[in-house]
file work.tsv (TSV, C-alpha atoms)
chain	number	residue	atom	x	y	z
A	1	MET	CA	-22.13	-92.80	-140.47
A	2	ASN	CA	-18.95	-90.81	-140.74
A	3	LEU	CA	-18.23	-90.23	-144.44
A	4	ASN	CA	-15.94	-87.74	-146.18
A	5	LEU	CA	-16.28	-86.80	-149.80
A	6	GLU	CA	-13.35	-85.45	-151.81
A	7	LYS	CA	-12.72	-84.74	-155.44
A	8	ILE	CA	-9.18	-85.94	-156.22
A	9	ASN	CA	-7.64	-86.08	-159.70
A	10	GLY	CA	-11.11	-85.69	-161.15
A	11	CYS	CA	-12.44	-88.70	-159.25
A	12	THR	CA	-15.09	-88.69	-156.56
A	13	VAL	CA	-13.56	-90.40	-153.52
A	14	LEU	CA	-15.79	-91.45	-150.66
A	15	PHE	CA	-13.77	-92.03	-147.47
A	16	ILE	CA	-15.51	-94.26	-144.96
A	17	LYS	CA	-14.35	-93.15	-141.54
A	18	GLU	CA	-15.86	-96.05	-139.65
A	19	ALA	CA	-14.25	-99.22	-138.30
A	20	ARG	CA	-17.41	-101.22	-138.81
A	21	ILE	CA	-20.05	-101.47	-141.54
A	22	ASP	CA	-23.01	-103.57	-140.44
A	23	ALA	CA	-26.81	-103.56	-140.61
A	24	HIS	CA	-26.87	-100.58	-138.24
A	25	ASN	CA	-25.18	-98.16	-140.65
A	26	SER	CA	-25.13	-99.87	-144.07
A	27	GLY	CA	-28.48	-98.30	-145.01
A	28	GLU	CA	-26.94	-94.88	-144.56
A	29	LEU	CA	-23.98	-95.83	-146.77
A	30	LYS	CA	-26.31	-97.13	-149.46
A	31	GLU	CA	-28.35	-93.90	-149.39
A	32	ALA	CA	-25.22	-91.71	-149.49
A	33	VAL	CA	-23.88	-93.51	-152.57
A	34	LEU	CA	-27.28	-93.44	-154.26
A	35	HIS	CA	-27.52	-89.70	-153.60
A	36	LEU	CA	-24.10	-89.15	-155.22
A	37	ILE	CA	-25.12	-91.11	-158.30
A	38	GLU	CA	-28.40	-89.22	-158.59
A	39	GLN	CA	-26.38	-86.00	-158.55
A	40	GLY	CA	-24.38	-87.24	-161.54
A	41	GLU	CA	-21.29	-88.48	-159.68
A	42	VAL	CA	-21.24	-91.89	-161.35
A	43	ASN	CA	-17.51	-92.64	-161.08
A	44	ILE	CA	-16.81	-93.25	-157.42
A	45	ILE	CA	-13.90	-94.74	-155.51
A	46	VAL	CA	-14.78	-95.91	-152.01
A	47	GLN	CA	-11.76	-95.70	-149.70
A	48	LEU	CA	-11.99	-98.37	-147.00
A	49	GLU	CA	-8.75	-97.89	-145.06
A	50	HIS	CA	-10.49	-97.47	-141.69
A	51	VAL	CA	-12.95	-100.31	-142.15
A	52	ARG	CA	-11.88	-103.42	-140.25
A	53	PHE	CA	-15.25	-105.19	-140.29
A	54	ILE	CA	-18.00	-105.57	-142.89
A	55	ASP	CA	-21.09	-107.79	-142.78
A	56	SER	CA	-23.43	-109.02	-145.51
A	57	SER	CA	-25.51	-105.82	-145.44
A	58	GLY	CA	-22.35	-103.74	-145.93
A	59	LEU	CA	-21.39	-105.84	-148.94
A	60	GLY	CA	-24.96	-105.39	-150.17
A	61	ALA	CA	-24.76	-101.59	-149.83
A	62	LEU	CA	-21.57	-101.47	-151.92
A	63	LEU	CA	-23.06	-103.85	-154.48
A	64	SER	CA	-26.11	-101.60	-154.73
A	65	GLY	CA	-23.81	-98.64	-155.43
A	66	TYR	CA	-21.91	-100.65	-158.04
A	67	LYS	CA	-25.11	-101.61	-159.86
A	68	ASN	CA	-26.59	-98.10	-159.73
A	69	ALA	CA	-23.36	-96.56	-161.05
A	70	ALA	CA	-23.13	-99.17	-163.82
A	71	ALA	CA	-26.75	-98.44	-164.81
A	72	LYS	CA	-25.64	-94.87	-165.53
A	73	SER	CA	-22.51	-96.00	-167.40
A	74	GLY	CA	-20.35	-95.22	-164.40
A	75	LYS	CA	-18.29	-97.31	-162.02
A	76	LEU	CA	-17.89	-97.78	-158.31
A	77	ALA	CA	-14.44	-99.11	-157.37
A	78	LEU	CA	-12.86	-99.91	-153.99
A	79	ALA	CA	-9.47	-98.99	-152.53
A	80	ASN	CA	-7.32	-99.52	-149.41
A	81	MET	CA	-9.11	-102.60	-148.20
A	82	GLN	CA	-7.88	-104.42	-145.10
A	83	GLN	CA	-7.08	-108.11	-145.56
A	84	GLN	CA	-9.92	-109.46	-143.40
A	85	VAL	CA	-12.44	-107.28	-145.23
A	86	LEU	CA	-11.03	-108.40	-148.58
A	87	SER	CA	-11.50	-112.02	-147.51
A	88	MET	CA	-15.26	-111.40	-147.27
A	89	PHE	CA	-15.26	-110.21	-150.91
A	90	GLU	CA	-13.34	-113.36	-151.84
A	91	LEU	CA	-15.72	-115.65	-149.96
A	92	THR	CA	-18.73	-114.17	-151.80
A	93	ARG	CA	-16.79	-113.89	-155.12
A	94	LEU	CA	-17.58	-110.15	-155.11
A	95	ASN	CA	-13.88	-109.56	-155.77
A	96	ARG	CA	-14.74	-110.63	-159.33
A	97	VAL	CA	-17.39	-107.90	-159.56
A	98	PHE	CA	-15.56	-104.88	-158.14
A	99	ASP	CA	-12.29	-103.35	-159.24
A	100	ILE	CA	-10.27	-103.43	-156.02
A	101	TYR	CA	-7.14	-101.26	-155.75
A	102	ALA	CA	-4.35	-101.37	-153.18
A	103	ASP	CA	-4.48	-97.59	-152.77
A	104	LEU	CA	-5.86	-94.42	-154.34
A	105	ASN	CA	-2.82	-93.86	-156.57
A	106	GLU	CA	-3.30	-97.27	-158.15
A	107	ALA	CA	-6.99	-96.47	-158.56
A	108	PHE	CA	-6.28	-93.12	-160.24
A	109	ASP	CA	-3.73	-94.71	-162.60
A	110	SER	CA	-6.21	-97.38	-163.66
A	111	GLU	CA	-9.26	-95.16	-163.87
A	112	ALA	CA	-7.50	-92.38	-165.79
B	1	MET	CA	-6.83	-127.30	-115.46
B	2	CYS	CA	-7.48	-126.35	-119.08
B	3	ASN	CA	-11.09	-127.53	-118.92
B	4	SER	CA	-12.10	-123.93	-118.44
B	5	ILE	CA	-15.65	-123.26	-119.51
B	6	ILE	CA	-16.89	-119.90	-120.74
B	7	GLN	CA	-20.60	-119.18	-120.67
B	8	VAL	CA	-22.05	-115.89	-121.85
B	9	GLU	CA	-25.69	-114.87	-122.00
B	10	VAL	CA	-26.80	-111.52	-123.40
B	11	ILE	CA	-30.31	-110.18	-123.88
B	12	ILE	CA	-30.70	-107.14	-126.12
B	13	PRO	CA	-33.61	-105.09	-127.43
B	14	THR	CA	-34.34	-105.73	-131.11
B	15	GLN	CA	-32.24	-102.76	-132.23
B	16	THR	CA	-29.36	-102.80	-134.68
B	17	LYS	CA	-27.19	-100.54	-132.53
B	18	TYR	CA	-26.40	-103.57	-130.35
B	19	LEU	CA	-24.84	-105.56	-133.22
B	20	ASP	CA	-21.41	-104.10	-132.49
B	21	LEU	CA	-21.64	-105.22	-128.85
B	22	ILE	CA	-22.62	-108.78	-129.75
B	23	GLY	CA	-19.99	-109.07	-132.47
B	24	SER	CA	-17.31	-107.69	-130.16
B	25	ILE	CA	-18.07	-110.34	-127.54
B	26	GLY	CA	-17.40	-113.03	-130.15
B	27	GLU	CA	-14.17	-111.35	-131.16
B	28	HIS	CA	-12.95	-111.17	-127.55
B	29	ILE	CA	-13.88	-114.79	-126.87
B	30	ALA	CA	-11.82	-115.93	-129.88
B	31	LYS	CA	-8.79	-114.31	-128.28
B	32	GLU	CA	-9.37	-116.12	-124.97
B	33	LEU	CA	-9.57	-119.67	-126.30
B	34	ASP	CA	-6.68	-121.59	-124.76
B	35	LYS	CA	-6.88	-124.64	-126.96
B	36	PHE	CA	-7.44	-123.10	-130.38
B	37	SER	CA	-4.37	-123.59	-132.55
B	38	GLY	CA	-5.71	-122.16	-135.83
B	39	ASP	CA	-5.70	-118.60	-137.16
B	40	ARG	CA	-6.97	-116.67	-134.15
B	41	GLU	CA	-7.43	-113.37	-136.01
B	42	ALA	CA	-9.54	-115.09	-138.66
B	43	LEU	CA	-11.62	-116.86	-135.98
B	44	ALA	CA	-12.15	-113.53	-134.21
B	45	TYR	CA	-13.51	-111.97	-137.42
B	46	HIS	CA	-15.64	-115.01	-138.20
B	47	LEU	CA	-17.25	-115.08	-134.74
B	48	ASN	CA	-17.89	-111.34	-134.94
B	49	LEU	CA	-19.50	-111.84	-138.36
B	50	VAL	CA	-21.54	-114.93	-137.48
B	51	LEU	CA	-22.90	-113.36	-134.27
B	52	THR	CA	-23.71	-110.15	-136.17
B	53	GLU	CA	-25.52	-112.03	-138.95
B	54	ALA	CA	-27.39	-114.34	-136.56
B	55	THR	CA	-28.49	-111.42	-134.39
B	56	ILE	CA	-29.71	-109.23	-137.26
B	57	ASN	CA	-31.53	-112.27	-138.57
B	58	ALA	CA	-33.28	-112.66	-135.21
B	59	ILE	CA	-34.06	-108.92	-135.06
B	60	LYS	CA	-35.59	-109.05	-138.56
B	61	HIS	CA	-37.56	-112.20	-137.82
B	62	GLY	CA	-38.61	-110.98	-134.41
B	63	THR	CA	-41.91	-109.39	-133.67
B	64	LEU	CA	-41.16	-105.98	-135.13
B	65	ALA	CA	-44.53	-104.68	-134.00
B	66	ASN	CA	-43.52	-105.20	-130.38
B	67	PRO	CA	-41.03	-102.55	-129.20
B	68	ASP	CA	-40.36	-104.54	-126.03
B	69	ASP	CA	-39.23	-107.63	-127.94
B	70	THR	CA	-35.76	-108.95	-127.18
B	71	VAL	CA	-33.18	-111.27	-128.68
B	72	ARG	CA	-31.32	-113.67	-126.38
B	73	ILE	CA	-27.87	-114.86	-127.33
B	74	THR	CA	-25.93	-117.54	-125.47
B	75	ILE	CA	-22.34	-118.58	-126.10
B	76	HIS	CA	-20.91	-121.70	-124.45
B	77	ILE	CA	-17.40	-122.98	-124.85
B	78	GLN	CA	-16.76	-126.42	-123.50
B	79	GLU	CA	-13.82	-128.65	-124.33
B	80	ASN	CA	-13.39	-128.34	-128.10
B	81	GLU	CA	-16.74	-126.94	-129.04
B	82	LEU	CA	-18.09	-123.45	-129.27
B	83	ASN	CA	-21.88	-123.30	-129.20
B	84	ILE	CA	-23.92	-120.22	-130.08
B	85	LYS	CA	-27.69	-120.03	-129.68
B	86	VAL	CA	-29.77	-117.08	-130.84
B	87	TYR	CA	-33.42	-116.98	-129.74
B	88	ASP	CA	-36.11	-114.97	-131.52
B	89	HIS	CA	-39.85	-114.65	-130.94
B	90	GLY	CA	-40.92	-114.32	-134.57
B	91	GLN	CA	-42.75	-116.57	-137.00
B	92	GLY	CA	-39.59	-118.44	-137.93
B	93	PHE	CA	-38.39	-119.51	-141.36
B	94	ASP	CA	-37.24	-122.65	-143.14
B	95	LEU	CA	-33.46	-122.70	-142.93
B	96	GLU	CA	-33.19	-125.53	-145.43
B	97	SER	CA	-35.00	-123.50	-148.09
B	98	VAL	CA	-32.50	-120.61	-147.94
B	99	PRO	CA	-30.64	-120.91	-151.26
B	100	LEU	CA	-26.94	-120.42	-151.88
B	101	PRO	CA	-26.13	-116.97	-153.27
B	102	ASP	CA	-25.97	-116.82	-157.07
B	103	PHE	CA	-22.30	-115.86	-157.44
B	104	ASP	CA	-22.65	-115.10	-161.15
B	105	HIS	CA	-25.56	-112.71	-160.56
B	106	PRO	CA	-24.92	-111.36	-157.07
B	107	LYS	CA	-27.80	-109.77	-155.19
B	108	GLU	CA	-27.79	-107.41	-152.26
B	109	GLY	CA	-29.37	-109.80	-149.77
B	110	GLY	CA	-29.12	-113.44	-148.81
B	111	MET	CA	-25.46	-113.63	-147.85
B	112	GLY	CA	-25.93	-113.76	-144.06
B	113	ILE	CA	-26.95	-117.40	-143.77
B	114	PHE	CA	-24.29	-118.27	-146.38
B	115	PHE	CA	-21.61	-116.78	-144.11
B	116	ILE	CA	-22.87	-118.68	-141.07
B	117	ARG	CA	-23.01	-121.98	-142.94
B	118	THR	CA	-19.66	-121.51	-144.61
B	119	LEU	CA	-17.67	-120.35	-141.60
B	120	MET	CA	-19.16	-122.64	-138.92
B	121	ASP	CA	-19.49	-126.43	-138.68
B	122	SER	CA	-23.19	-126.94	-137.91
B	123	VAL	CA	-26.29	-124.74	-138.17
B	124	THR	CA	-29.87	-125.65	-137.19
B	125	TYR	CA	-33.03	-123.60	-136.69
B	126	THR	CA	-35.76	-125.13	-134.55
B	127	ARG	CA	-38.88	-124.17	-132.64
B	128	GLN	CA	-38.54	-124.48	-128.85
B	129	GLY	CA	-41.59	-123.45	-126.87
B	130	ASP	CA	-42.46	-119.87	-127.75
B	131	CYS	CA	-39.06	-119.21	-129.34
B	132	ASN	CA	-37.11	-120.10	-132.45
B	133	VAL	CA	-33.51	-121.08	-131.85
B	134	LEU	CA	-30.69	-120.72	-134.34
B	135	GLU	CA	-27.97	-123.03	-133.03
B	136	ILE	CA	-24.48	-122.71	-134.43
B	137	ILE	CA	-21.55	-124.97	-133.57
B	138	LYS	CA	-17.87	-124.46	-134.30
B	139	TYR	CA	-15.37	-127.20	-133.45
B	140	LEU	CA	-12.17	-125.76	-132.13
B	141	SER	CA	-9.76	-128.54	-132.95

call {"tool": "encode", "arguments": {"input": "work.tsv", "output": "structure tokens"}}
result
Amino acid sequence: MNLNLEKINGCTVLFIKEARIDAHNSGELKEAVLHLIEQGEVNIIVQLEHVRFIDSSGLGALLSGYKNAAAKSGKLALANMQQQVLSMFELTRLNRVFDIYADLNEAFDSEA
Amino acid sequence: MCNSIIQVEVIIPTQTKYLDLIGSIGEHIAKELDKFSGDREALAYHLNLVLTEATINAIKHGTLANPDDTVRITIHIQENELNIKVYDHGQGFDLESVPLPDFDHPKEGGMGIFFIRTLMDSVTYTRQGDCNVLEIIKYLS
């Protein structure tokens, strides 16, 4: 899975450079986020601009990251979500769990 | 004219790298449906998702010990009905016993069947010969 990690404004931003998150690559995403949290990066923003499709395993991988970050008093938030992807969060009510930001600037303003 | 019938049959090895292919077929079919008057982009996503979830379900329930195992997927569109069948060779499971997700205490798994049930009109899972068949129907009008 093509992932980029950047430190911006003191936040750890994980850019997902894939159009599709499904059961083929969601395990890798879950492991990458878990690895970050184990290294002490517990405040993470996942940037989803390139993602146009997510399945239940992809939602599960992000939920896993959210729970693991929360267990270490951190937070995993989401930014730049495409409408169709957002509709999957709405259908599963996961939009009530995650903080979802229109873009990174909004995320930085809220997380600051 | 306009009674055009689309029939697709795909057989894939039980490997997750083929999920993209199967989902993409559903997405393309949604864009070819002459009679569908609803939100075509939403239908395209939903067919991609449902085919992806049904196929991974079949891969997981298939005989993992057998590297030569396959999953067969058929898609038929006739008149106002889209019919998807996904065949696996595993032990099967009880579709009726799959619970709704607990939205107040969300868990990582168990959302696949929820998506299929919510986005489509009919879902059944039955034993046919040496296969299990997940049959999914979506009415197009």

call {"tool": "residues_around", "arguments": {"input": "work.tsv", "residues": "Met1 (chain A)", "least_positions_apart": "3", "cutoff": "9 Å", "atoms": "all atoms listed in the file", "output": "PyMOL selection string"}}
result
chain A and resi 16-18+21+25-26+28-29

call {"tool": "atom_distance", "arguments": {"input": "work.tsv", "atom1": "CA of Tyr101 (chain A)", "atom2": "CA of Gly112 (chain B)"}}
result
25.4 Å

call {"tool": "closest_residue", "arguments": {"input": "work.tsv", "among": "B:Met120, B:Ile77, B:Val86, B:Leu95", "to": "Gly62 (chain B)", "atoms": "only C-alpha atoms"}}
result
B:Val86

call {"tool": "atom_distance", "arguments": {"input": "work.tsv", "atom1": "CA of Leu36 (chain A)", "atom2": "CA of Asn68 (chain A)"}}
result
10.3 Å

call {"tool": "interface_residues", "arguments": {"input": "work.tsv", "of": "chain B", "to": "chain A", "cutoff": "10 Å", "atoms": "all atoms listed in the file", "output": "PyMOL selection string"}}
result
chain B and resi 15-20+23+41-42+45-46+48-50+52-53+56+101-115+118-119

call {"tool": "atom_distance", "arguments": {"input": "work.tsv", "atom1": "CA of Gly90 (chain B)", "atom2": "CA of Lys60 (chain B)"}}
result
8.5 Å

call {"tool": "residues_around", "arguments": {"input": "work.tsv", "residues": "Ala77 (chain A)", "least_positions_apart": "6", "cutoff": "7 Å", "atoms": "all atoms listed in the file", "output": "PyMOL selection string"}}
result
chain A and resi 44-46+98-100

call {"tool": "closest_residue", "arguments": {"input": "work.tsv", "among": "B:Ile136, B:Leu100, B:Leu21, B:Ile12", "to": "Thr124 (chain B)", "atoms": "only C-alpha atoms"}}
result
B:Ile136

call {"tool": "build_atoms", "arguments": {"input": "work.tsv", "residues": "region 100-111 of chain B", "atoms": "all heavy atoms", "output": "compact mmCIF listing (two decimals), in the coordinates of the input"}}
result
# COMPACT_ATOMS: atom_id res chain seq x y z
N LEU B 100 -28.28 -120.99 -151.77
CA LEU B 100 -26.94 -120.42 -151.88
C LEU B 100 -27.02 -119.13 -152.69
O LEU B 100 -27.85 -119.02 -153.59
CB LEU B 100 -26.03 -121.39 -152.62
CG LEU B 100 -25.28 -122.45 -151.82
CD1 LEU B 100 -24.53 -123.37 -152.78
CD2 LEU B 100 -24.32 -121.81 -150.84
N PRO B 101 -26.15 -118.16 -152.41
CA PRO B 101 -26.13 -116.97 -153.27
C PRO B 101 -25.77 -117.36 -154.71
O PRO B 101 -25.02 -118.32 -154.92
CB PRO B 101 -25.02 -116.11 -152.66
CG PRO B 101 -24.78 -116.64 -151.29
CD PRO B 101 -25.15 -118.09 -151.33
N ASP B 102 -26.32 -116.62 -155.66
CA ASP B 102 -25.97 -116.82 -157.07
C ASP B 102 -24.72 -115.96 -157.35
O ASP B 102 -24.82 -114.76 -157.53
CB ASP B 102 -27.15 -116.38 -157.96
CG ASP B 102 -26.84 -116.59 -159.44
OD1 ASP B 102 -25.67 -116.83 -159.78
OD2 ASP B 102 -27.78 -116.49 -160.24
N PHE B 103 -23.55 -116.62 -157.35
CA PHE B 103 -22.30 -115.86 -157.44
C PHE B 103 -22.12 -115.18 -158.80
O PHE B 103 -21.37 -114.22 -158.91
CB PHE B 103 -21.11 -116.78 -157.15
CG PHE B 103 -21.11 -117.32 -155.75
CD1 PHE B 103 -21.20 -118.67 -155.51
CD2 PHE B 103 -21.04 -116.45 -154.67
CE1 PHE B 103 -21.20 -119.16 -154.22
CE2 PHE B 103 -21.05 -116.93 -153.37
CZ PHE B 103 -21.14 -118.29 -153.14
N ASP B 104 -22.78 -115.71 -159.82
CA ASP B 104 -22.65 -115.10 -161.15
C ASP B 104 -23.56 -113.89 -161.32
O ASP B 104 -23.32 -113.04 -162.17
CB ASP B 104 -22.94 -116.13 -162.24
CG ASP B 104 -21.87 -117.21 -162.27
OD1 ASP B 104 -20.68 -116.85 -162.04
OD2 ASP B 104 -22.20 -118.38 -162.49
N HIS B 105 -24.64 -113.85 -160.52
CA HIS B 105 -25.56 -112.71 -160.56
C HIS B 105 -25.82 -112.26 -159.13
O HIS B 105 -26.91 -112.48 -158.59
CB HIS B 105 -26.87 -113.10 -161.25
CG HIS B 105 -26.68 -113.67 -162.62
ND1 HIS B 105 -26.56 -115.02 -162.85
CD2 HIS B 105 -26.52 -113.07 -163.82
CE1 HIS B 105 -26.37 -115.23 -164.15
NE2 HIS B 105 -26.33 -114.06 -164.76
N PRO B 106 -24.80 -111.66 -158.50
CA PRO B 106 -24.92 -111.36 -157.07
C PRO B 106 -26.05 -110.38 -156.76
O PRO B 106 -26.30 -109.45 -157.52
CB PRO B 106 -23.56 -110.77 -156.70
CG PRO B 106 -22.95 -110.33 -157.98
CD PRO B 106 -23.52 -111.20 -159.05
N LYS B 107 -26.72 -110.65 -155.65
CA LYS B 107 -27.80 -109.77 -155.19
C LYS B 107 -27.40 -109.16 -153.85
O LYS B 107 -26.49 -109.64 -153.19
CB LYS B 107 -29.08 -110.58 -155.02
CG LYS B 107 -29.66 -111.12 -156.32
CD LYS B 107 -31.15 -111.40 -156.13
CE LYS B 107 -31.77 -111.91 -157.41
NZ LYS B 107 -31.53 -113.37 -157.58
N GLU B 108 -28.14 -108.12 -153.49
CA GLU B 108 -27.79 -107.41 -152.26
C GLU B 108 -28.02 -108.23 -151.00
O GLU B 108 -27.30 -108.11 -150.03
CB GLU B 108 -28.65 -106.15 -152.15
CG GLU B 108 -28.13 -105.00 -152.97
CD GLU B 108 -29.04 -103.81 -152.83
OE1 GLU B 108 -29.26 -103.38 -151.69
OE2 GLU B 108 -29.56 -103.34 -153.87
N GLY B 109 -29.05 -109.07 -150.99
CA GLY B 109 -29.37 -109.80 -149.77
C GLY B 109 -29.01 -111.26 -149.87
O GLY B 109 -28.49 -111.74 -150.88
N GLY B 110 -29.24 -111.98 -148.79
CA GLY B 110 -29.12 -113.44 -148.81
C GLY B 110 -27.74 -113.99 -148.56
O GLY B 110 -27.49 -115.17 -148.76
N MET B 111 -26.81 -113.13 -148.10
CA MET B 111 -25.46 -113.63 -147.85
C MET B 111 -25.22 -113.98 -146.38
O MET B 111 -24.24 -114.64 -146.05
CB MET B 111 -24.42 -112.60 -148.31
CG MET B 111 -24.28 -112.53 -149.82
SD MET B 111 -23.05 -111.32 -150.34
CE MET B 111 -23.96 -109.80 -150.24
